[in-house]
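For reference, the structure discussed in these notes is given below.
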Amino acid sequence: MKTPRLAVLLFAAASLAPAYYHFVHFQSRTGPYTPVHARFDLGALQNKTVPFFISETGPSQMASGDTFNSVITQIRAAAQVWNSVDTAEIKLAFGGLHTAATTMNAPWIEVEFTDELPPGVVAQGGPVTRLDATTGAAGMFVPITKSLLRLPRNLTSRPSFSERFFLTVVHEFGHTLGLQHTWTSSVMSTEITRAATKAKPLGADDVAALSVLYPTPKFGLQTGVITGRVTMTGAGVNMASVVALTPNGQAVSSLTNPDGTYRIEGVPAGLYFIYAHPLPPALAGEPQPVNLELPSDPSGRLLPGAAFDTVFYPGTAGPQQTVTVAAGQPTENINFSVTRRAAVNLHSVQTYSYVGQEPIKPASFVLGKQRDTLVLTGYGATAALPGFNISLASAPETLGVRNYVQGYLAVDVALSPVSSDGQRHMIFNYAGETYVLPSALVMTQKNPPSIQGVQPNADKTLTLSGAALSSATQVWVDGVAAKVRSAQDGQLTVTLPPALPGYRGVLAALNSDGQSSLFVHGDKSPIWTYEASELPQISVSPAALPAGAETMVELTGSGTAFDQWAPALGFASSDITVRQIWVLSATRAVAAVIVSPLAQLGPLNSTITYGLQVSATPAGFQVLPATRAPYLAVSQMPKTNIYPGALVTIPLVNAQPASIIQAIVADRPALVTGYFNGQVTLQIPAGLPLGPAVVRVTVDGAAALPALLQIDPPPPVILSAQSIGGVPLTAANAPRAGDTIQLLVSSLTDGTSQPDPLKIKVSSNGVEHSVQSVTANPQQPGTYIVQFSLSLTSPQLSPLPLVLSVDDRTSIPLPLPFRPAGATSPDSGA
């Protein structure tokens, strides 16, 4: 066993406004209580994307070998983590380096480096500017107009490549989006109990928390809801934490309202233990009684209810009975009657194990061993006193607890032959008090990956040798993933992201089980220094646009490989949006840009990122005074499939009703079929190549600003539906939920590529069915057979509307004969 040298650092974590809990306001002090959440207004964001800007001043001190460049790459990668939540509408985008002098009107997030963090606080994040409550499509909410993420100027204790720095930034970005702390060991837990890793940063609770604020249509269909009430002597308990956890999986939770009612949304279907526990007290120096911004009502802040004994549903001291949660359905009346206690003494426990000399948090064990040991410490868990007991929730492993060094316990874990991978949840009992630590221990199939050798190749690739390296391994250079070219026998050959000559990048291998080579190498991770090479140059044209314009700019590179490493562009203002960038070649890309009418006039920074390069040009872009020149407002078009031959209607701003309008698309004349109510309708020329197309319009002979349209293949067409035996489906042999169906589909691809089954979705009224296979139809070249099973939660409709989509291309619905649950077949005699 090793000395627990990291433990003291892990207690130093807080937030600006310290879950799945959100920033909550209630409209009155009396029920019914409907939380009004603070969140960004998606309607005020271009592309439902909130930009974040990093202060150009940067940190004043960094760890050895670190640079501001490497810090920026990790911040960008941390933001990208939240973009991976496919059940949440909101996204984050890097808008570049900014100066304090820039005035912004549209919502935004600022990342700054400061010397003014409170003692013991490693970072802060959260909303700093909010508007009055308003009503949106999903009900009332408080719009966030600005959030702030604050990092220390002195980063010497947290190298940018480290697990600690990365997870801190992911956590603080969660706060900026409207999330508070949770007690489920996910990334939105404080650093003390957090079980997230750089390779697997988000937990189910984090996904649910973000999706509740910004739900996609499928969020409520794919997950379930648990509701109930927590009471003490008949009265509701405010801010009790109610947690649902699977025996070997993650946890999802929420806090109760002032009347004790709660609602946990975003629970994946399955069997759950559910328990209620009191919030731990604030740690030293925290301003609130708990580590949260307390909810409010018109009279002020609402305090948490009294401390109580942790209890499992349906009223037991430990996990004995599971509750079934089904997708798209509520599980109701999961109620708790709790007993008051004087104080919460047992809480905030952290666990870790060792790989060589490196402490790993949370503790991780590899299956196949008979026994292993972890170390833990926490409030009330510092000595193996008589009556102190630790167990695992419904797990085959057994535990033995002993004193380690002062303030720490060693836990010997005896593994079972039936042990499986996944999380283990620890239950602590002492002096009549119970504390549950979700994901206290992680079981894995393999050891963490390691990089033992780095060999450069003549083609400028690198070959990495080590352990637990496979084609599924990601290799990061600082915060940018390299491209894996081949994998065999513990070796990976990768192409590194471009960087300036002499750049020193830290190499890390990340596996999907949540482990990384940082577990093995830590601060001694291998470093690659880039050799001298041609210095890439990238220019933007035009470098000035009028306020209120929507158009395109072109990026031209020299010594670049845009086709392998797409560039990104930002203009240091939330009032200028880069909607999309298309790569045309290794040295050329085009971007669709919108300049708000409210954008600050004058010079702004422009920032281009390309691989590991971050190039900021002071006054690299100019916002000019607004003009009356016409332009195509492509951003205001409804989402639609644009393909050769299609009729497309585009808003045309600043044109007169009697105007003579002509159009050219991709240098080919396009037929203008009408102009009405500020919108021009034109036909995309037949035979146009797929990809971005420049649209040039003249209005009464005057050229409008050019615009960009994405030309896609035609939408797929469902020709017919049949049983797995090839029999056409009719009312007489209508399928039920769970049955396997085959669709005959045309226009599935662009005609030059093979279909990707992972991109093909079959759904009915938002409920996705499970696609099993996609095969070419030998009887009819150019068509495909898509085989899928009807979801068990299919809408109970007959006929059932079937829609097939590939990316943004969606078919016309096919009415499928369907037998709802309880319906009898036509030949049953009913």
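By order in the structure tokens, chains are A, B, ...; within a chain, residues start at 1; ligands start at 1, following the order shown.
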*Please provide the set of residues having any atom within 12 Å of Leu604 in chain A, restricted to only C-alpha atoms, with same-chain residues fewer than 2 positions apart removed, written as a VMD selection string.*
chain A and resid 95 to 104 543 to 545 570 to 576 599 to 602 606 to 607 616 to 624
Restricting it to N, CA and C atoms, dump the selection as an mmCIF file, in the first residue's frame.
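Once everything was written out, this is selection-v9.cif:
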```
data_model
loop_
_atom_site.group_PDB
_atom_site.id
_atom_site.type_symbol
_atom_site.label_atom_id
_atom_site.label_comp_id
_atom_site.auth_asym_id
_atom_site.auth_seq_id
_atom_site.Cartn_x
_atom_site.Cartn_y
_atom_site.Cartn_z
ATOM 1 N N GLY A 95 -15.686 30.639 -29.125
ATOM 2 C CA GLY A 95 -15.795 31.862 -29.922
ATOM 3 C C GLY A 95 -14.497 32.629 -30.028
ATOM 4 N N GLY A 96 -13.417 32.085 -29.431
ATOM 5 C CA GLY A 96 -12.121 32.733 -29.563
ATOM 6 C C GLY A 96 -11.663 33.405 -28.278
ATOM 7 N N LEU A 97 -10.525 34.089 -28.379
ATOM 8 C CA LEU A 97 -9.979 34.854 -27.268
ATOM 9 C C LEU A 97 -10.594 36.257 -27.294
ATOM 10 N N HIS A 98 -10.945 36.758 -26.124
ATOM 11 C CA HIS A 98 -11.635 38.048 -26.107
ATOM 12 C C HIS A 98 -10.944 39.009 -25.161
ATOM 13 N N THR A 99 -11.251 40.283 -25.361
ATOM 14 C CA THR A 99 -10.761 41.336 -24.472
ATOM 15 C C THR A 99 -11.925 41.859 -23.645
ATOM 16 N N ALA A 100 -11.614 42.407 -22.487
ATOM 17 C CA ALA A 100 -12.656 42.928 -21.603
ATOM 18 C C ALA A 100 -13.391 44.106 -22.223
ATOM 19 N N ALA A 101 -12.796 44.742 -23.224
ATOM 20 C CA ALA A 101 -13.408 45.932 -23.817
ATOM 21 C C ALA A 101 -14.547 45.596 -24.771
ATOM 22 N N THR A 102 -14.704 44.336 -25.131
ATOM 23 C CA THR A 102 -15.733 43.959 -26.107
ATOM 24 C C THR A 102 -17.100 43.894 -25.434
ATOM 25 N N THR A 103 -18.046 44.617 -25.979
ATOM 26 C CA THR A 103 -19.424 44.590 -25.493
ATOM 27 C C THR A 103 -20.200 43.526 -26.248
ATOM 28 N N MET A 104 -20.934 42.687 -25.511
ATOM 29 C CA MET A 104 -21.714 41.622 -26.151
ATOM 30 C C MET A 104 -23.162 41.726 -25.713
ATOM 31 N N ALA A 543 -12.432 40.175 -44.325
ATOM 32 C CA ALA A 543 -12.114 40.389 -42.922
ATOM 33 C C ALA A 543 -12.937 41.515 -42.326
ATOM 34 N N ALA A 544 -14.002 41.913 -43.029
ATOM 35 C CA ALA A 544 -14.904 42.949 -42.519
ATOM 36 C C ALA A 544 -16.296 42.693 -43.086
ATOM 37 N N LEU A 545 -17.325 42.831 -42.233
ATOM 38 C CA LEU A 545 -18.704 42.653 -42.653
ATOM 39 C C LEU A 545 -19.566 43.686 -41.944
ATOM 40 N N GLY A 570 -13.513 31.982 -34.810
ATOM 41 C CA GLY A 570 -14.311 32.778 -33.883
ATOM 42 C C GLY A 570 -13.927 34.233 -33.964
ATOM 43 N N PHE A 571 -14.888 35.100 -33.627
ATOM 44 C CA PHE A 571 -14.661 36.536 -33.753
ATOM 45 C C PHE A 571 -14.827 37.279 -32.426
ATOM 46 N N ALA A 572 -14.641 36.579 -31.301
ATOM 47 C CA ALA A 572 -14.537 37.218 -29.986
ATOM 48 C C ALA A 572 -15.776 37.996 -29.577
ATOM 49 N N SER A 573 -16.934 37.646 -30.118
ATOM 50 C CA SER A 573 -18.173 38.321 -29.740
ATOM 51 C C SER A 573 -19.337 37.358 -29.911
ATOM 52 N N SER A 574 -20.225 37.345 -28.931
ATOM 53 C CA SER A 574 -21.420 36.498 -29.049
ATOM 54 C C SER A 574 -22.377 37.037 -30.097
ATOM 55 N N ASP A 575 -22.133 38.260 -30.586
ATOM 56 C CA ASP A 575 -22.986 38.856 -31.614
ATOM 57 C C ASP A 575 -22.533 38.503 -33.023
ATOM 58 N N ILE A 576 -21.489 37.702 -33.149
ATOM 59 C CA ILE A 576 -21.052 37.202 -34.452
ATOM 60 C C ILE A 576 -20.970 35.682 -34.352
ATOM 61 N N ALA A 599 -24.173 44.098 -33.056
ATOM 62 C CA ALA A 599 -22.739 43.858 -32.854
ATOM 63 C C ALA A 599 -21.980 45.171 -32.706
ATOM 64 N N GLN A 600 -21.017 45.159 -31.802
ATOM 65 C CA GLN A 600 -20.183 46.341 -31.565
ATOM 66 C C GLN A 600 -19.393 46.683 -32.819
ATOM 67 N N LEU A 601 -19.497 47.931 -33.268
ATOM 68 C CA LEU A 601 -18.771 48.360 -34.455
ATOM 69 C C LEU A 601 -17.287 48.511 -34.147
ATOM 70 N N GLY A 602 -16.487 48.239 -35.174
ATOM 71 C CA GLY A 602 -15.057 48.428 -35.015
ATOM 72 C C GLY A 602 -14.296 47.122 -35.010
ATOM 73 N N SER A 606 -9.836 38.049 -34.086
ATOM 74 C CA SER A 606 -10.250 36.837 -34.778
ATOM 75 C C SER A 606 -9.354 35.708 -34.294
ATOM 76 N N THR A 607 -9.944 34.529 -34.069
ATOM 77 C CA THR A 607 -9.200 33.383 -33.570
ATOM 78 C C THR A 607 -9.441 32.187 -34.480
ATOM 79 N N ALA A 616 -4.584 33.843 -32.610
ATOM 80 C CA ALA A 616 -5.449 34.999 -32.376
ATOM 81 C C ALA A 616 -4.827 36.239 -32.992
ATOM 82 N N THR A 617 -5.608 36.940 -33.776
ATOM 83 C CA THR A 617 -5.129 38.158 -34.444
ATOM 84 C C THR A 617 -5.863 39.360 -33.877
ATOM 85 N N PRO A 618 -5.166 40.235 -33.143
ATOM 86 C CA PRO A 618 -5.823 41.452 -32.658
ATOM 87 C C PRO A 618 -6.342 42.282 -33.832
ATOM 88 N N ALA A 619 -7.570 42.769 -33.685
ATOM 89 C CA ALA A 619 -8.205 43.573 -34.747
ATOM 90 C C ALA A 619 -8.187 42.837 -36.078
ATOM 91 N N GLY A 620 -8.324 41.501 -36.010
ATOM 92 C CA GLY A 620 -8.304 40.714 -37.248
ATOM 93 C C GLY A 620 -9.604 40.734 -38.008
ATOM 94 N N PHE A 621 -10.636 41.350 -37.427
ATOM 95 C CA PHE A 621 -11.936 41.414 -38.087
ATOM 96 C C PHE A 621 -12.581 42.743 -37.740
ATOM 97 N N GLN A 622 -13.319 43.286 -38.698
ATOM 98 C CA GLN A 622 -13.982 44.577 -38.504
ATOM 99 C C GLN A 622 -15.489 44.422 -38.684
ATOM 100 N N VAL A 623 -16.264 45.037 -37.765
ATOM 101 C CA VAL A 623 -17.711 45.149 -37.939
ATOM 102 C C VAL A 623 -17.998 46.544 -38.470
ATOM 103 N N LEU A 624 -18.570 46.594 -39.665
ATOM 104 C CA LEU A 624 -18.848 47.858 -40.332
ATOM 105 C C LEU A 624 -20.274 48.312 -40.035
#
```
*Would you please extract all strand (DSSP E) residues from range 576-719 of chain A, as assigned by DSSP on the backbone, and give them as JSON, numbers by chain?*
{"A": [576, 577, 578, 579, 580, 581, 582, 583, 584, 585, 588, 589, 590, 591, 592, 593, 594, 595, 602, 603, 604, 605, 606, 607, 608, 609, 610, 613, 614, 615, 616, 617, 618, 619, 620, 621, 622, 623, 624, 631, 632, 647, 648, 649, 650, 651, 652, 653, 661, 662, 663, 664, 665, 668, 669, 670, 672, 673, 674, 675, 676, 679, 680, 681, 682, 683, 691, 692, 693, 694, 695, 696, 697, 698, 699, 702, 703, 707, 708, 709, 710, 711, 717, 718, 719]}
*Considering only C-alpha atoms, return as a VMD selection string whatever protein or nucleic-acid residues lie within 7 Å of range 463-469 of chain A, sequence-local ones (same chain, fewer than 2 positions apart) excluded.*
chain A and resid 447 to 456 461 473 490 to 494
Spatial neighbours of Gly505 in chain A, 8 Å, only C-alpha atoms, chain gap at least 4 places, as a CSV table (one decimal) with all heavy atoms, in the first residue's frame:
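So result09.csv came out as:
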```
chain,number,residue,atom,x,y,z
A,70,SER,N,-1.8,24.8,-24.7
A,70,SER,CA,-2.3,23.5,-24.2
A,70,SER,C,-3.5,23.7,-23.3
A,70,SER,O,-4.4,22.8,-23.3
A,70,SER,CB,-1.1,22.8,-23.6
A,70,SER,OG,-0.6,23.5,-22.5
A,477,VAL,N,-3.3,14.2,-27.9
A,477,VAL,CA,-2.1,15.1,-27.7
A,477,VAL,C,-2.6,16.4,-27.1
A,477,VAL,O,-3.4,17.1,-27.7
A,477,VAL,CB,-1.4,15.4,-29.0
A,477,VAL,CG1,-0.1,16.1,-28.8
A,477,VAL,CG2,-1.2,14.1,-29.8
A,478,ASP,N,-2.3,16.6,-25.8
A,478,ASP,CA,-3.0,17.6,-25.0
A,478,ASP,C,-4.5,17.4,-25.1
A,478,ASP,O,-5.0,16.4,-24.8
A,478,ASP,CB,-2.5,19.0,-25.4
A,478,ASP,CG,-1.1,19.3,-25.0
A,478,ASP,OD1,-0.6,18.6,-24.0
A,478,ASP,OD2,-0.4,20.2,-25.5
A,527,ILE,N,5.8,12.7,-23.6
A,527,ILE,CA,5.7,14.0,-24.3
A,527,ILE,C,6.3,13.8,-25.7
A,527,ILE,O,7.4,13.2,-25.9
A,527,ILE,CB,6.4,15.1,-23.5
A,527,ILE,CG1,5.7,15.4,-22.2
A,527,ILE,CG2,6.5,16.4,-24.3
A,527,ILE,CD1,6.5,16.3,-21.3
A,528,TRP,N,5.6,14.4,-26.7
A,528,TRP,CA,6.2,14.4,-28.0
A,528,TRP,C,6.5,15.9,-28.4
A,528,TRP,O,5.6,16.8,-28.3
A,528,TRP,CB,5.2,13.8,-29.0
A,528,TRP,CG,5.8,13.8,-30.4
A,528,TRP,CD1,5.4,14.6,-31.5
A,528,TRP,CD2,6.8,13.0,-30.9
A,528,TRP,NE1,6.1,14.3,-32.6
A,528,TRP,CE2,7.0,13.3,-32.2
A,528,TRP,CE3,7.6,12.0,-30.3
A,528,TRP,CZ2,8.0,12.8,-33.0
A,528,TRP,CZ3,8.6,11.4,-31.1
A,528,TRP,CH2,8.8,11.8,-32.4
A,529,THR,N,7.7,16.1,-28.9
A,529,THR,CA,8.1,17.4,-29.4
A,529,THR,C,8.0,17.5,-30.9
A,529,THR,O,8.7,16.6,-31.5
A,529,THR,CB,9.5,17.8,-28.9
A,529,THR,OG1,9.5,17.8,-27.4
A,529,THR,CG2,9.9,19.2,-29.3
```
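Note that CA of Gly400 in chain A and CA of Gln423 in chain A are 18.5 Å apart.
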*Name the closest residue to Ala821 in chain A among the candidates A:Val366, A:Ser596, A:Gln796, A:Leu790; distances are taken between atoms, counting only C-alpha atoms.*
A:Gln796
*Residue nearest Leu598 in chain A - candidates A:Ala626, A:Leu652, A:Ala472, A:Leu632, atoms counted: only C-alpha atoms*: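 Among the listed residues, the smallest separation from Leu598 in chain A belongs to A:Ala626.
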*So how many Å separate CA of Arg371 in chain A and CA of Asn511 in chain A, to one decimal?*
24.0 Å
*Please identify all polymer residues within 9 Å of Gly318 in chain A, counting only C-alpha atoms, omitting same-chain residues fewer than 3 positions from it, and present them as a ChimeraX atom specification.*
/A:275,310-313,315,393,427,434
*Have a look at A:Val578, A:Val225, A:Ala269, A:Val803 and name the one nearest to Thr246 in chain A; count only C-alpha atoms.*
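Using only C-alpha atoms, the shortest distance to Thr246 in chain A belongs to A:Ala269.
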